[in-house]
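What follows is the content of upload.txt (compact mmCIF, C-alpha atoms).
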# COMPACT_ATOMS: atom_id res chain seq x y z
CA MET A 126 11.89 -39.17 11.92
CA GLN A 127 9.48 -36.55 13.22
CA GLY A 128 10.15 -37.29 16.84
CA GLY A 129 8.70 -39.55 19.43
CA ALA A 130 10.20 -41.83 22.05
CA ASN A 131 13.15 -44.19 21.77
CA ALA A 132 13.38 -47.64 23.40
CA SER A 133 14.07 -46.18 26.88
CA GLY A 134 11.05 -43.87 26.64
CA GLU A 135 13.21 -40.73 26.29
CA MET A 136 11.86 -38.14 23.84
CA LEU A 137 14.03 -37.60 20.79
CA LYS A 138 15.64 -34.18 20.33
CA PRO A 139 14.20 -33.44 16.86
CA TYR A 140 10.71 -33.55 18.35
CA TYR A 141 11.71 -31.00 21.01
CA LEU A 142 13.40 -28.87 18.37
CA GLN A 143 10.32 -29.02 16.16
CA ARG A 144 7.98 -28.10 19.02
CA GLY A 145 10.28 -25.38 20.33
CA CYS A 146 10.61 -23.71 16.95
CA ALA A 147 6.87 -24.05 16.31
CA ALA A 148 6.14 -22.47 19.69
CA ALA A 149 8.51 -19.57 19.03
CA ILE A 150 7.09 -18.84 15.58
CA ALA A 151 3.47 -19.23 16.73
CA GLY A 152 4.12 -16.97 19.73
CA MET A 153 5.65 -14.32 17.52
CA ALA A 154 2.76 -14.51 15.06
CA TRP A 155 0.14 -14.29 17.81
CA PHE A 156 2.01 -11.35 19.35
CA GLY A 157 2.16 -9.45 16.05
CA LEU A 158 -1.48 -10.14 15.25
CA VAL A 159 -2.78 -9.12 18.69
CA VAL A 160 -0.71 -5.93 18.78
CA GLN A 161 -1.86 -4.89 15.29
CA LEU A 162 -5.49 -5.71 16.14
CA CYS A 163 -5.34 -3.68 19.36
CA PHE A 164 -3.90 -0.69 17.53
CA ASN A 165 -6.62 -0.96 14.88
CA ILE A 166 -9.36 -1.07 17.51
CA GLU A 167 -7.78 1.86 19.39
CA GLU A 168 -7.55 3.87 16.18
CA ALA A 169 -11.21 3.16 15.40
CA LEU A 170 -12.25 4.33 18.86
CA ILE A 171 -10.13 7.48 18.69
CA LYS A 172 -11.43 8.41 15.23
CA ASN A 173 -15.00 7.41 16.16
CA LEU A 174 -15.12 4.76 13.42
CA SER A 175 -17.04 1.52 13.44
CA VAL A 176 -15.03 -1.09 15.35
CA PRO A 177 -16.64 -4.06 13.53
CA ALA A 178 -15.94 -2.43 10.16
CA ARG A 179 -12.34 -1.77 11.22
CA MET A 180 -11.94 -5.39 12.36
CA PHE A 181 -13.41 -6.63 9.08
CA ALA A 182 -10.90 -4.50 7.18
CA PHE A 183 -8.08 -5.73 9.43
CA PHE A 184 -8.86 -9.39 8.72
CA SER A 185 -9.12 -8.72 4.98
CA TYR A 186 -5.37 -8.07 4.62
CA PHE A 187 -3.46 -10.96 3.04
CA THR A 188 -0.63 -10.46 5.57
CA ILE A 189 -3.01 -10.86 8.49
CA GLU A 190 -4.79 -13.87 6.98
CA ILE A 191 -1.57 -15.78 6.25
CA ASN A 192 0.06 -14.97 9.58
CA LEU A 193 -3.16 -16.00 11.32
CA LEU A 194 -3.23 -19.31 9.45
CA ILE A 195 0.42 -19.96 10.33
CA ALA A 196 -0.29 -19.18 13.99
CA ILE A 197 -3.31 -21.52 13.95
CA VAL A 198 -1.47 -24.36 12.16
CA LEU A 199 1.45 -24.20 14.57
CA THR A 200 -0.84 -23.91 17.60
CA ILE A 201 -2.78 -26.99 16.49
CA PHE A 202 0.52 -28.85 16.11
CA LEU A 203 1.58 -27.78 19.60
CA THR A 204 -1.69 -28.56 21.36
CA GLN A 205 -2.74 -31.66 19.40
CA PRO A 206 0.40 -33.09 17.74
CA GLN A 207 -1.21 -36.41 16.81
CA ALA A 208 -4.54 -34.98 15.63
CA GLU A 209 -5.65 -35.50 12.06
CA HIS A 210 -6.67 -31.99 11.05
CA PHE A 211 -7.21 -30.36 7.66
CA LEU A 212 -4.77 -27.57 8.48
CA ASN A 213 -2.03 -30.07 9.39
CA ARG A 214 -1.86 -31.51 5.88
CA PRO A 215 1.55 -31.17 4.23
CA SER A 216 -0.06 -29.45 1.23
CA ILE A 217 -1.57 -26.73 3.47
CA LYS A 218 1.73 -26.15 5.30
CA SER A 219 3.57 -25.99 1.97
CA ALA A 220 1.07 -23.52 0.53
CA LEU A 221 1.57 -21.32 3.60
CA VAL A 222 5.31 -21.26 2.86
CA VAL A 223 4.63 -19.86 -0.60
CA TYR A 224 2.08 -17.36 0.69
CA ILE A 225 4.25 -16.05 3.54
CA ILE A 226 7.20 -15.61 1.17
CA ILE A 227 4.90 -13.54 -1.06
CA VAL A 228 3.93 -11.46 1.99
CA GLY A 229 7.56 -10.73 2.81
CA VAL A 230 8.64 -9.94 -0.74
CA VAL A 231 5.66 -7.73 -1.63
CA TYR A 232 5.96 -5.80 1.62
CA ALA A 233 9.73 -5.32 1.23
CA VAL A 234 9.53 -4.26 -2.41
CA LEU A 235 6.27 -2.32 -2.62
CA LEU A 236 4.77 -1.42 0.75
CA ARG A 237 7.48 -0.81 3.36
CA ASN A 238 7.89 2.87 2.54
CA LEU A 239 4.17 3.68 2.58
CA TRP A 240 4.00 4.12 6.35
CA ASN A 241 6.28 4.65 9.31
CA PRO A 242 5.17 2.67 12.37
CA GLN A 243 6.78 3.46 15.72
CA ARG A 244 7.64 1.54 18.91
CA LEU A 245 5.43 -1.49 19.58
CA ARG A 246 3.64 -1.16 16.27
CA LEU A 247 7.01 -1.21 14.49
CA LEU A 248 7.94 -4.39 16.35
CA ALA A 249 4.64 -6.04 15.39
CA ASP A 250 5.09 -4.88 11.80
CA ARG A 251 8.59 -6.36 11.63
CA VAL A 252 7.39 -9.63 13.13
CA LEU A 253 4.52 -10.04 10.64
CA HIS A 254 6.35 -8.80 7.53
CA ASP A 255 9.99 -9.77 8.14
CA ALA A 256 10.45 -12.39 10.86
CA ILE A 257 7.61 -14.81 10.07
CA PRO A 258 8.27 -14.70 6.29
CA VAL A 259 11.84 -15.84 7.01
CA LEU A 260 11.33 -18.15 9.98
CA TYR A 261 8.31 -20.17 8.82
CA PRO A 262 9.90 -21.26 5.50
CA LEU A 263 13.11 -22.16 7.38
CA TYR A 264 11.05 -24.13 9.92
CA TRP A 265 9.19 -25.91 7.12
CA LEU A 266 12.36 -26.63 5.18
CA GLY A 267 14.61 -27.69 8.03
CA ILE A 268 12.43 -29.02 10.81
CA SER A 269 8.90 -29.79 9.66
CA ALA A 270 8.30 -33.04 7.81
CA GLN A 271 7.55 -32.18 4.20
CA GLY A 272 8.58 -35.61 2.98
CA GLN A 273 4.88 -36.53 2.97
CA LEU A 274 4.19 -33.95 0.26
CA ALA A 275 3.16 -35.82 -2.89
CA MET A 276 3.84 -34.49 -6.35
CA VAL A 277 0.65 -34.56 -8.38
Represent the structure of the file as structure tokens.
Amino acid sequence: MQGGANASGEMLKPYYLQRGCAAAIAGMAWFGLVVQLCFNIEEALIKNLSVPARMFAFFSYFTIEINLLIAIVLTIFLTQPQAEHFLNRPSIKSALVVYIIIVGVVYAVLLRNLWNPQRLRLLADRVLHDAIPVLYPLYWLGISAQGQLAMV
């Protein structure tokens, strides 16, 4: 059962667990994305580069795109849990699991040693490349309802 109310009108715990985990993961993703975007804009201003071009480059990274989609999907679930929305389809959520695992593995194996972020940027980097790639698949596997996923 995904959650809802029992006969006495009390909300069932799995629903609270699902929403709480979704809120935590979405909050972390939004935090990582905003911090990285702010650093990119700041760097563009310091180096006298085009801010729109820098933002375009920022949003072209697979890591950013997938984390952004996860943040959006979870935010839609939190704000409109009963809404029929394209991004709330089980196939979309399942695809995001595969994509975010790819983000984590590729970063860990190939990209981690290419730069050395510090302080807040390091925290944002760890959130986007380590925490979300672990937490979102666990959320999907253990809490989210993937029983609706049809094998084609």
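Atom CA of A:Phe164 lies 11.6 Å from atom CA of A:Gln243.
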Problem set entry | Nearest to A:Leu212 by atom-to-atom distance, counting all atoms listed in the file, from A:Leu245, A:Ile226, A:Ile197, A:Val159 |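 Among A:Leu245, A:Ile226, A:Ile197, A:Val159, it is A:Ile197 that comes nearest to A:Leu212.
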For this session: Give me the residues within 9 Å of stretch 141-156 of chain A as a ChimeraX atom specification, counting only C-alpha atoms and dropping any in the same chain fewer than 2 places off.
Result: /A:127-128,136-139,158-161,192-193,195-200,202-203,249,252-253,256-257,260-261,264,268-269
Seminar exercise, completed: Counting all atoms listed in the file, the residue among A:Leu174, A:Leu236, A:Asp250, A:Val223 that lies closest to A:Leu162 is A:Asp250
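Atom to atom, atom CA of A:Leu235 and atom CA of A:Asn165 stand 21.8 Å apart.
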Exercise. Please, what distance in Å, to one decimal, runs between atom CA of A:Ile166 and atom CA of A:Phe183?
Worked result: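 Separating atom CA of A:Ile166 from atom CA of A:Phe183 is a distance of 9.4 Å.
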Report as JSON the centre and the edge lengths, in Å to one decimal, of the axis-aligned box holding every listed atom of stretch 247-266 of chain A, padded by 8 Å on each side.
{"center_x": 8.8, "center_y": -13.9, "center_z": 10.8, "size_x": 24.6, "size_y": 41.4, "size_z": 27.2}
For this session: Could you give me, as an NGL selection string, the residues within 12 Å of A:Phe187, counting all atoms listed in the file and dropping anything in the same chain fewer than 4 positions from it?
Result: :A and (182-183 or 191-194 or 221 or 224-229 or 231-232 or 253-254)
Exercise. Out of A:Leu248, A:Val234, A:Val222, A:Leu170, which residue has the shortest atom-to-atom distance to A:Leu263 when counting all atoms listed in the file?
Worked result: A:Val222
Where atoms are lacking, stretch 201-216 of chain A completed to N, CA and C atoms, as a JSON list (two decimals), in the frame of the given file:
[["chain", "number", "residue", "atom", "x", "y", "z"],
["A", 201, "ILE", "N", -2.16, -25.65, 16.56],
["A", 201, "ILE", "CA", -2.78, -26.99, 16.49],
["A", 201, "ILE", "C", -1.71, -28.05, 16.65],
["A", 202, "PHE", "N", -0.57, -27.88, 15.97],
["A", 202, "PHE", "CA", 0.52, -28.85, 16.11],
["A", 202, "PHE", "C", 0.99, -28.93, 17.56],
["A", 203, "LEU", "N", 1.09, -27.80, 18.23],
["A", 203, "LEU", "CA", 1.58, -27.78, 19.60],
["A", 203, "LEU", "C", 0.59, -28.37, 20.59],
["A", 204, "THR", "N", -0.68, -28.11, 20.38],
["A", 204, "THR", "CA", -1.69, -28.56, 21.36],
["A", 204, "THR", "C", -2.22, -29.95, 21.07],
["A", 205, "GLN", "N", -2.22, -30.35, 19.79],
["A", 205, "GLN", "CA", -2.74, -31.66, 19.40],
["A", 205, "GLN", "C", -1.81, -32.28, 18.35],
["A", 206, "PRO", "N", -0.58, -32.65, 18.73],
["A", 206, "PRO", "CA", 0.40, -33.09, 17.74],
["A", 206, "PRO", "C", -0.01, -34.33, 16.95],
["A", 207, "GLN", "N", -0.82, -35.18, 17.50],
["A", 207, "GLN", "CA", -1.21, -36.41, 16.81],
["A", 207, "GLN", "C", -2.55, -36.29, 16.08],
["A", 208, "ALA", "N", -3.20, -35.16, 16.20],
["A", 208, "ALA", "CA", -4.54, -34.98, 15.63],
["A", 208, "ALA", "C", -4.50, -34.95, 14.10],
["A", 209, "GLU", "N", -5.45, -35.60, 13.50],
["A", 209, "GLU", "CA", -5.65, -35.50, 12.06],
["A", 209, "GLU", "C", -6.51, -34.26, 11.83],
["A", 210, "HIS", "N", -5.95, -33.25, 11.25],
["A", 210, "HIS", "CA", -6.67, -31.99, 11.05],
["A", 210, "HIS", "C", -6.37, -31.48, 9.65],
["A", 211, "PHE", "N", -7.37, -30.89, 9.01],
["A", 211, "PHE", "CA", -7.21, -30.36, 7.66],
["A", 211, "PHE", "C", -6.01, -29.43, 7.55],
["A", 212, "LEU", "N", -5.84, -28.55, 8.53],
["A", 212, "LEU", "CA", -4.77, -27.57, 8.48],
["A", 212, "LEU", "C", -3.38, -28.17, 8.72],
["A", 213, "ASN", "N", -3.33, -29.41, 9.17],
["A", 213, "ASN", "CA", -2.03, -30.07, 9.39],
["A", 213, "ASN", "C", -1.56, -30.85, 8.17],
["A", 214, "ARG", "N", -2.28, -30.81, 7.09],
["A", 214, "ARG", "CA", -1.86, -31.51, 5.88],
["A", 214, "ARG", "C", -0.59, -30.89, 5.33],
["A", 215, "PRO", "N", 0.32, -31.71, 4.81],
["A", 215, "PRO", "CA", 1.55, -31.17, 4.23],
["A", 215, "PRO", "C", 1.29, -30.17, 3.10],
["A", 216, "SER", "N", 0.24, -30.38, 2.33],
["A", 216, "SER", "CA", -0.06, -29.45, 1.23],
["A", 216, "SER", "C", -0.46, -28.06, 1.76]]
